[in-house]
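> What follows is a single structure, and I will ask about it in a moment.
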Amino acid sequence: MKTLVKTFTVAALIAVSTFAMAAEGPVSKSEKANVNLSTADFALEHYVAVTTEGESVGVEQLFAADFSQKVQSANAQTYSREAVIKSLKKQKGEHLNCVVSTDIIEESADYMVAKVTLKFENFIKTDLVTLEREGNNWKVSKSINSYK
């Protein structure tokens with residue numbers, strides 16, 4: 001009799017916990033992952049991870065609402081925030097085969113300009129990244145790329 005009561009109790013606990021989890025509903029990855037962008041250095045580090053290591057967590061959180069990316073070439077092109085985020089999400093998990101270096105060009109309490117250099121085997125990509133403080137977080141507001 002005690003075994004039967006224990007069995008029903010365990011079954012009831014499993015059922016209740018299953019229903020409780022189902023009632024909460026699924027949580028998207030973007031809701032689960034909250035990237036720490038409390039400093040310009042953290043935001044820059046995350047930007048480098050997103051652009052070179054295929055990191056996709058917190059991509060939307062990283063870019064300012066008015067973000068734009070310019071690519072300097074014979075026919076200069078400008079990309080919107082949505083286009084860049086879409087492209088970066090497609091590159092999820094892809095690591096670029098390059099050597100990365102970062103240099104802080106200018107920094108203040110609410111603003112930072114950094115130079116991110118990606119050295120590939122046959123060319124160099126230079127990315128001038130502007131970061132701005134928005135509330136308690138830092139966001140990437142502009143990116144200008146050039147190639148040598």
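In the structure tokens, chains take letters A, B, ... by order of appearance, with residues numbered from 1 within each chain and ligands from 1 in the order shown.
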Please provide the set of residues having any atom within 12 Å of A:Glu134, restricted to only C-alpha atoms, with same-chain residues fewer than 6 positions apart removed, written as a list of chain:residue names.
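Contacts, in chain order: A:Leu37, A:Ser38, A:Thr39, A:Ala40, A:Ala43, A:Gln61, A:Leu62, A:Phe63, A:Ala64, A:Ala65, A:Asp66, A:Ala109, A:Asp110, A:Tyr111, A:Val140, A:Ser141.
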> Please write the residues from the selection above to a file, keeping N, CA, C and O atoms, as a PDB file, in the first residue's frame.

ATOM      1  N   LEU A  37      26.650  44.324 -21.847  1.00  0.00           N
ATOM      2  CA  LEU A  37      27.184  45.426 -22.637  1.00  0.00           C
ATOM      3  C   LEU A  37      27.317  46.683 -21.772  1.00  0.00           C
ATOM      4  O   LEU A  37      27.170  47.800 -22.242  1.00  0.00           O
ATOM      5  N   SER A  38      27.628  46.472 -20.496  1.00  0.00           N
ATOM      6  CA  SER A  38      27.668  47.579 -19.547  1.00  0.00           C
ATOM      7  C   SER A  38      28.881  48.484 -19.715  1.00  0.00           C
ATOM      8  O   SER A  38      28.891  49.591 -19.197  1.00  0.00           O
ATOM      9  N   THR A  39      29.901  48.023 -20.429  1.00  0.00           N
ATOM     10  CA  THR A  39      31.069  48.867 -20.702  1.00  0.00           C
ATOM     11  C   THR A  39      31.357  48.846 -22.200  1.00  0.00           C
ATOM     12  O   THR A  39      30.963  47.921 -22.911  1.00  0.00           O
ATOM     13  N   ALA A  40      32.067  49.855 -22.656  1.00  0.00           N
ATOM     14  CA  ALA A  40      32.443  49.918 -24.064  1.00  0.00           C
ATOM     15  C   ALA A  40      33.342  48.741 -24.424  1.00  0.00           C
ATOM     16  O   ALA A  40      33.235  48.177 -25.516  1.00  0.00           O
ATOM     17  N   ALA A  43      31.221  45.657 -24.987  1.00  0.00           N
ATOM     18  CA  ALA A  43      30.487  45.772 -26.249  1.00  0.00           C
ATOM     19  C   ALA A  43      31.421  45.550 -27.436  1.00  0.00           C
ATOM     20  O   ALA A  43      31.060  44.858 -28.386  1.00  0.00           O
ATOM     21  N   GLN A  61      20.732  43.014 -29.581  1.00  0.00           N
ATOM     22  CA  GLN A  61      21.030  43.850 -28.418  1.00  0.00           C
ATOM     23  C   GLN A  61      22.275  44.716 -28.659  1.00  0.00           C
ATOM     24  O   GLN A  61      22.390  45.802 -28.106  1.00  0.00           O
ATOM     25  N   LEU A  62      23.179  44.252 -29.491  1.00  0.00           N
ATOM     26  CA  LEU A  62      24.467  44.908 -29.699  1.00  0.00           C
ATOM     27  C   LEU A  62      24.376  46.185 -30.527  1.00  0.00           C
ATOM     28  O   LEU A  62      25.107  47.143 -30.295  1.00  0.00           O
ATOM     29  N   PHE A  63      23.463  46.217 -31.498  1.00  0.00           N
ATOM     30  CA  PHE A  63      23.427  47.319 -32.455  1.00  0.00           C
ATOM     31  C   PHE A  63      22.367  48.360 -32.095  1.00  0.00           C
ATOM     32  O   PHE A  63      21.240  48.017 -31.758  1.00  0.00           O
ATOM     33  N   ALA A  64      22.744  49.627 -32.220  1.00  0.00           N
ATOM     34  CA  ALA A  64      21.821  50.731 -31.965  1.00  0.00           C
ATOM     35  C   ALA A  64      20.717  50.730 -33.024  1.00  0.00           C
ATOM     36  O   ALA A  64      20.889  50.189 -34.124  1.00  0.00           O
ATOM     37  N   ALA A  65      19.602  51.345 -32.696  1.00  0.00           N
ATOM     38  CA  ALA A  65      18.458  51.389 -33.616  1.00  0.00           C
ATOM     39  C   ALA A  65      18.808  52.081 -34.925  1.00  0.00           C
ATOM     40  O   ALA A  65      18.292  51.706 -35.982  1.00  0.00           O
ATOM     41  N   ASP A  66      19.701  53.064 -34.898  1.00  0.00           N
ATOM     42  CA  ASP A  66      20.076  53.794 -36.110  1.00  0.00           C
ATOM     43  C   ASP A  66      21.413  53.330 -36.692  1.00  0.00           C
ATOM     44  O   ASP A  66      22.047  54.035 -37.466  1.00  0.00           O
ATOM     45  N   ALA A 109      33.330  59.261 -21.796  1.00  0.00           N
ATOM     46  CA  ALA A 109      32.380  58.603 -20.903  1.00  0.00           C
ATOM     47  C   ALA A 109      31.206  57.973 -21.652  1.00  0.00           C
ATOM     48  O   ALA A 109      30.648  56.972 -21.205  1.00  0.00           O
ATOM     49  N   ASP A 110      30.817  58.548 -22.795  1.00  0.00           N
ATOM     50  CA  ASP A 110      29.640  58.061 -23.521  1.00  0.00           C
ATOM     51  C   ASP A 110      29.910  57.675 -24.963  1.00  0.00           C
ATOM     52  O   ASP A 110      28.968  57.446 -25.725  1.00  0.00           O
ATOM     53  N   TYR A 111      31.191  57.588 -25.364  1.00  0.00           N
ATOM     54  CA  TYR A 111      31.510  57.446 -26.773  1.00  0.00           C
ATOM     55  C   TYR A 111      32.847  56.739 -26.930  1.00  0.00           C
ATOM     56  O   TYR A 111      33.778  56.984 -26.148  1.00  0.00           O
ATOM     57  N   VAL A 140      26.741  49.488 -30.654  1.00  0.00           N
ATOM     58  CA  VAL A 140      27.500  49.844 -31.845  1.00  0.00           C
ATOM     59  C   VAL A 140      26.581  50.689 -32.716  1.00  0.00           C
ATOM     60  O   VAL A 140      25.496  50.242 -33.089  1.00  0.00           O
ATOM     61  N   SER A 141      27.000  51.917 -33.019  1.00  0.00           N
ATOM     62  CA  SER A 141      26.138  52.815 -33.792  1.00  0.00           C
ATOM     63  C   SER A 141      26.581  52.970 -35.241  1.00  0.00           C
ATOM     64  O   SER A 141      25.782  53.364 -36.086  1.00  0.00           O
TER      65      SER A 141
END
> Neighbours of A:Ser108 within 12 Å (only C-alpha atoms; same-chain residues fewer than 6 positions away dropped), as a short mmCIF file (atom, residue, chain, number, x, y, z; two decimals) with N, CA, C and O atoms, in the first residue's frame?

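The resulting file, result_8.cif, is reproduced below:
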data_model
loop_
_atom_site.label_atom_id
_atom_site.label_comp_id
_atom_site.auth_asym_id
_atom_site.auth_seq_id
_atom_site.Cartn_x
_atom_site.Cartn_y
_atom_site.Cartn_z
N THR A 39 29.90 48.02 -20.43
CA THR A 39 31.07 48.87 -20.70
C THR A 39 31.36 48.85 -22.20
O THR A 39 30.96 47.92 -22.91
N ALA A 40 32.07 49.85 -22.66
CA ALA A 40 32.44 49.92 -24.06
C ALA A 40 33.34 48.74 -24.42
O ALA A 40 33.24 48.18 -25.52
N ALA A 114 36.83 52.69 -32.17
CA ALA A 114 37.85 51.66 -32.15
C ALA A 114 38.17 51.22 -33.57
O ALA A 114 37.31 51.25 -34.46
N THR A 130 32.12 52.67 -34.15
CA THR A 130 31.71 53.71 -33.20
C THR A 130 30.72 53.10 -32.22
O THR A 130 29.74 52.47 -32.63
N LEU A 131 31.00 53.26 -30.95
CA LEU A 131 30.11 52.76 -29.89
C LEU A 131 29.63 53.95 -29.07
O LEU A 131 30.40 54.89 -28.83
N GLU A 132 28.37 53.88 -28.65
CA GLU A 132 27.79 54.94 -27.85
C GLU A 132 27.04 54.34 -26.68
O GLU A 132 26.46 53.27 -26.79
N ARG A 133 27.06 55.06 -25.56
CA ARG A 133 26.29 54.62 -24.40
C ARG A 133 24.83 54.98 -24.60
O ARG A 133 24.49 56.10 -24.95
#
> Please identify which residues in stretch 89-146 of chain A DSSP calls strand (DSSP E or B) from the backbone, and express them as a PyMOL selection string.
chain A and resi 99-107+111-119+124-134+137-146
> Taking N, CA, C and O atoms for each residue, export the selection above as a compact mmCIF listing (two decimals), in the first residue's frame.

# COMPACT_ATOMS: atom_id res chain seq x y z
N VAL A 99 43.72 37.04 -38.20
CA VAL A 99 44.28 37.53 -36.94
C VAL A 99 43.60 38.86 -36.65
O VAL A 99 43.56 39.75 -37.50
N VAL A 100 43.05 38.99 -35.45
CA VAL A 100 42.28 40.18 -35.08
C VAL A 100 43.08 41.04 -34.11
O VAL A 100 43.67 40.52 -33.16
N SER A 101 43.09 42.34 -34.38
CA SER A 101 43.66 43.28 -33.41
C SER A 101 42.71 44.46 -33.27
O SER A 101 42.03 44.83 -34.22
N THR A 102 42.66 45.00 -32.08
CA THR A 102 41.80 46.15 -31.82
C THR A 102 42.61 47.27 -31.19
O THR A 102 43.50 47.01 -30.36
N ASP A 103 42.33 48.48 -31.60
CA ASP A 103 42.97 49.67 -31.04
C ASP A 103 41.88 50.69 -30.74
O ASP A 103 41.03 50.96 -31.59
N ILE A 104 41.93 51.26 -29.55
CA ILE A 104 40.99 52.32 -29.18
C ILE A 104 41.57 53.62 -29.72
O ILE A 104 42.67 54.02 -29.35
N ILE A 105 40.81 54.28 -30.58
CA ILE A 105 41.27 55.53 -31.18
C ILE A 105 40.88 56.71 -30.32
O ILE A 105 41.68 57.61 -30.08
N GLU A 106 39.64 56.70 -29.85
CA GLU A 106 39.14 57.79 -29.01
C GLU A 106 38.13 57.22 -28.04
O GLU A 106 37.36 56.33 -28.39
N GLU A 107 38.14 57.76 -26.82
CA GLU A 107 37.20 57.26 -25.81
C GLU A 107 36.83 58.37 -24.84
O GLU A 107 37.67 59.16 -24.44
N TYR A 111 31.19 57.59 -25.36
CA TYR A 111 31.51 57.45 -26.77
C TYR A 111 32.85 56.74 -26.93
O TYR A 111 33.78 56.98 -26.15
N MET A 112 32.96 55.87 -27.92
CA MET A 112 34.24 55.23 -28.21
C MET A 112 34.35 54.98 -29.71
O MET A 112 33.37 54.59 -30.35
N VAL A 113 35.54 55.20 -30.25
CA VAL A 113 35.85 54.83 -31.62
C VAL A 113 37.01 53.85 -31.54
O VAL A 113 38.03 54.14 -30.91
N ALA A 114 36.83 52.69 -32.17
CA ALA A 114 37.85 51.66 -32.15
C ALA A 114 38.17 51.22 -33.57
O ALA A 114 37.31 51.25 -34.46
N LYS A 115 39.40 50.81 -33.76
CA LYS A 115 39.84 50.28 -35.05
C LYS A 115 40.04 48.77 -34.88
O LYS A 115 40.85 48.35 -34.05
N VAL A 116 39.26 48.00 -35.63
CA VAL A 116 39.37 46.55 -35.59
C VAL A 116 40.01 46.12 -36.90
O VAL A 116 39.46 46.38 -37.98
N THR A 117 41.17 45.47 -36.82
CA THR A 117 41.88 45.03 -38.02
C THR A 117 41.84 43.51 -38.10
O THR A 117 42.19 42.82 -37.14
N LEU A 118 41.39 43.03 -39.26
CA LEU A 118 41.34 41.60 -39.52
C LEU A 118 42.36 41.29 -40.60
O LEU A 118 42.20 41.72 -41.75
N LYS A 119 43.42 40.55 -40.25
CA LYS A 119 44.46 40.21 -41.22
C LYS A 119 44.22 38.80 -41.74
O LYS A 119 44.37 37.82 -41.01
N ILE A 124 43.64 42.65 -45.96
CA ILE A 124 43.39 43.18 -44.61
C ILE A 124 42.08 43.95 -44.65
O ILE A 124 41.86 44.78 -45.53
N LYS A 125 41.23 43.67 -43.69
CA LYS A 125 39.98 44.42 -43.52
C LYS A 125 40.13 45.30 -42.29
O LYS A 125 40.47 44.83 -41.21
N THR A 126 39.86 46.59 -42.46
CA THR A 126 39.89 47.53 -41.34
C THR A 126 38.46 47.99 -41.08
O THR A 126 37.76 48.39 -42.01
N ASP A 127 38.05 47.93 -39.84
CA ASP A 127 36.69 48.28 -39.44
C ASP A 127 36.78 49.36 -38.36
O ASP A 127 37.27 49.10 -37.27
N LEU A 128 36.33 50.56 -38.70
CA LEU A 128 36.25 51.62 -37.70
C LEU A 128 34.87 51.52 -37.06
O LEU A 128 33.85 51.67 -37.74
N VAL A 129 34.83 51.26 -35.77
CA VAL A 129 33.58 50.99 -35.05
C VAL A 129 33.32 52.12 -34.07
O VAL A 129 34.20 52.48 -33.27
N THR A 130 32.12 52.67 -34.15
CA THR A 130 31.71 53.71 -33.20
C THR A 130 30.72 53.10 -32.22
O THR A 130 29.74 52.47 -32.63
N LEU A 131 31.00 53.26 -30.95
CA LEU A 131 30.11 52.76 -29.89
C LEU A 131 29.63 53.95 -29.07
O LEU A 131 30.40 54.89 -28.83
N GLU A 132 28.37 53.88 -28.65
CA GLU A 132 27.79 54.94 -27.85
C GLU A 132 27.04 54.34 -26.68
O GLU A 132 26.46 53.27 -26.79
N ARG A 133 27.06 55.06 -25.56
CA ARG A 133 26.29 54.62 -24.40
C ARG A 133 24.83 54.98 -24.60
O ARG A 133 24.49 56.10 -24.95
N GLU A 134 23.95 53.98 -24.41
CA GLU A 134 22.50 54.20 -24.43
C GLU A 134 21.96 53.70 -23.10
O GLU A 134 21.83 52.49 -22.91
N ASN A 137 23.72 50.60 -21.16
CA ASN A 137 24.41 49.71 -22.08
C ASN A 137 25.12 50.47 -23.18
O ASN A 137 24.78 51.61 -23.49
N TRP A 138 26.10 49.82 -23.77
CA TRP A 138 26.82 50.36 -24.91
C TRP A 138 26.32 49.66 -26.16
O TRP A 138 26.06 48.45 -26.14
N LYS A 139 26.19 50.42 -27.24
CA LYS A 139 25.71 49.89 -28.52
C LYS A 139 26.65 50.33 -29.63
O LYS A 139 27.23 51.40 -29.58
N VAL A 140 26.74 49.49 -30.65
CA VAL A 140 27.50 49.84 -31.84
C VAL A 140 26.58 50.69 -32.72
O VAL A 140 25.50 50.24 -33.09
N SER A 141 27.00 51.92 -33.02
CA SER A 141 26.14 52.81 -33.79
C SER A 141 26.58 52.97 -35.24
O SER A 141 25.78 53.36 -36.09
N LYS A 142 27.85 52.67 -35.52
CA LYS A 142 28.34 52.83 -36.88
C LYS A 142 29.55 51.93 -37.11
O LYS A 142 30.33 51.68 -36.19
N SER A 143 29.67 51.46 -38.34
CA SER A 143 30.81 50.66 -38.73
C SER A 143 31.21 51.08 -40.14
O SER A 143 30.36 51.17 -41.03
N ILE A 144 32.49 51.37 -40.34
CA ILE A 144 33.00 51.73 -41.67
C ILE A 144 34.12 50.76 -42.00
O ILE A 144 35.12 50.67 -41.27
N ASN A 145 33.93 50.01 -43.08
CA ASN A 145 34.90 48.99 -43.49
C ASN A 145 35.69 49.42 -44.71
O ASN A 145 35.14 50.02 -45.62
N SER A 146 36.97 49.06 -44.71
CA SER A 146 37.80 49.24 -45.90
C SER A 146 38.69 48.01 -46.04
O SER A 146 38.95 47.30 -45.08
> List every residue of stretch 27-69 of chain A that has an atom at most 6 Å from any atom of stretch 76-86 of chain A, giving for each one its closest atom pair and the distance in Å to one decimal, counting only C-alpha atoms, sorted by chain and then by ascending residue number, as JSON lines.

{"residue": "A:Phe67", "atom": "CA", "partner": "A:Arg81", "partner_atom": "CA", "distance": 5.2}
{"residue": "A:Ser68", "atom": "CA", "partner": "A:Ser80", "partner_atom": "CA", "distance": 5.0}
{"residue": "A:Gln69", "atom": "CA", "partner": "A:Tyr79", "partner_atom": "CA", "distance": 5.1}
> Export, as a compact mmCIF listing (two decimals), in the first residue's frame, the selected residues with all heavy atoms.

# COMPACT_ATOMS: atom_id res chain seq x y z
N PHE A 67 21.83 52.11 -36.35
CA PHE A 67 23.11 51.57 -36.84
C PHE A 67 23.15 51.53 -38.36
O PHE A 67 22.16 51.22 -39.02
CB PHE A 67 23.31 50.15 -36.29
CG PHE A 67 24.50 49.45 -36.90
CD1 PHE A 67 25.77 49.69 -36.45
CD2 PHE A 67 24.33 48.55 -37.95
CE1 PHE A 67 26.87 49.06 -37.01
CE2 PHE A 67 25.41 47.91 -38.52
CZ PHE A 67 26.69 48.16 -38.05
N SER A 68 24.32 51.83 -38.91
CA SER A 68 24.55 51.64 -40.34
C SER A 68 25.99 51.19 -40.53
O SER A 68 26.86 51.48 -39.71
CB SER A 68 24.30 52.93 -41.12
OG SER A 68 25.27 53.89 -40.81
N GLN A 69 26.19 50.47 -41.62
CA GLN A 69 27.53 49.99 -41.95
C GLN A 69 27.86 50.45 -43.36
O GLN A 69 27.07 50.24 -44.29
CB GLN A 69 27.59 48.46 -41.88
CG GLN A 69 28.96 47.91 -42.19
CD GLN A 69 28.98 46.41 -42.10
OE1 GLN A 69 28.29 45.74 -42.86
NE2 GLN A 69 29.73 45.88 -41.16
> In stretch 21-111 of chain A, what's helix (DSSP H, G or I) per DSSP? Answer as a PyMOL selection string?
chain A and resi 21-24+29-32+40-52+59-62+81-90
> List as a ChimeraX atom specification the protein and nucleic acid residues near A:Leu96, meaning an atom at most 7 Å away when only C-alpha atoms are counted, but skip any in the same chain fewer than 2 places from it.
/A:52-53,94,98
> What does the file look like for those residues with all heavy atoms, as a PDB file, in the first residue's frame?

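Below is the file result-v2.pdb, written as the result:
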ATOM      1  N   THR A  52      33.588  37.932 -36.119  1.00  0.00           N
ATOM      2  CA  THR A  52      34.695  37.045 -36.521  1.00  0.00           C
ATOM      3  C   THR A  52      34.550  35.605 -36.051  1.00  0.00           C
ATOM      4  O   THR A  52      35.171  34.716 -36.619  1.00  0.00           O
ATOM      5  CB  THR A  52      36.043  37.577 -35.995  1.00  0.00           C
ATOM      6  OG1 THR A  52      36.040  37.552 -34.569  1.00  0.00           O
ATOM      7  CG2 THR A  52      36.316  38.969 -36.509  1.00  0.00           C
ATOM      8  N   GLU A  53      33.755  35.373 -35.012  1.00  0.00           N
ATOM      9  CA  GLU A  53      33.662  34.029 -34.449  1.00  0.00           C
ATOM     10  C   GLU A  53      32.289  33.395 -34.622  1.00  0.00           C
ATOM     11  O   GLU A  53      32.026  32.320 -34.089  1.00  0.00           O
ATOM     12  CB  GLU A  53      34.024  34.059 -32.962  1.00  0.00           C
ATOM     13  CG  GLU A  53      35.443  34.536 -32.713  1.00  0.00           C
ATOM     14  CD  GLU A  53      35.738  34.745 -31.238  1.00  0.00           C
ATOM     15  OE1 GLU A  53      34.924  34.319 -30.389  1.00  0.00           O
ATOM     16  OE2 GLU A  53      36.768  35.355 -30.946  1.00  0.00           O
ATOM     17  N   GLU A  94      30.367  30.342 -37.721  1.00  0.00           N
ATOM     18  CA  GLU A  94      31.485  30.389 -38.661  1.00  0.00           C
ATOM     19  C   GLU A  94      32.608  31.258 -38.106  1.00  0.00           C
ATOM     20  O   GLU A  94      32.409  32.412 -37.775  1.00  0.00           O
ATOM     21  CB  GLU A  94      31.033  30.946 -40.012  1.00  0.00           C
ATOM     22  CG  GLU A  94      30.091  30.025 -40.748  1.00  0.00           C
ATOM     23  CD  GLU A  94      29.736  30.541 -42.123  1.00  0.00           C
ATOM     24  OE1 GLU A  94      30.543  31.297 -42.715  1.00  0.00           O
ATOM     25  OE2 GLU A  94      28.649  30.204 -42.600  1.00  0.00           O
ATOM     26  N   CYS A  98      41.489  34.538 -39.563  1.00  0.00           N
ATOM     27  CA  CYS A  98      42.226  35.792 -39.584  1.00  0.00           C
ATOM     28  C   CYS A  98      42.793  36.088 -38.204  1.00  0.00           C
ATOM     29  O   CYS A  98      42.398  35.490 -37.214  1.00  0.00           O
ATOM     30  CB  CYS A  98      41.324  36.933 -40.035  1.00  0.00           C
ATOM     31  SG  CYS A  98      39.928  37.233 -38.935  1.00  0.00           S
TER      32      CYS A  98
END
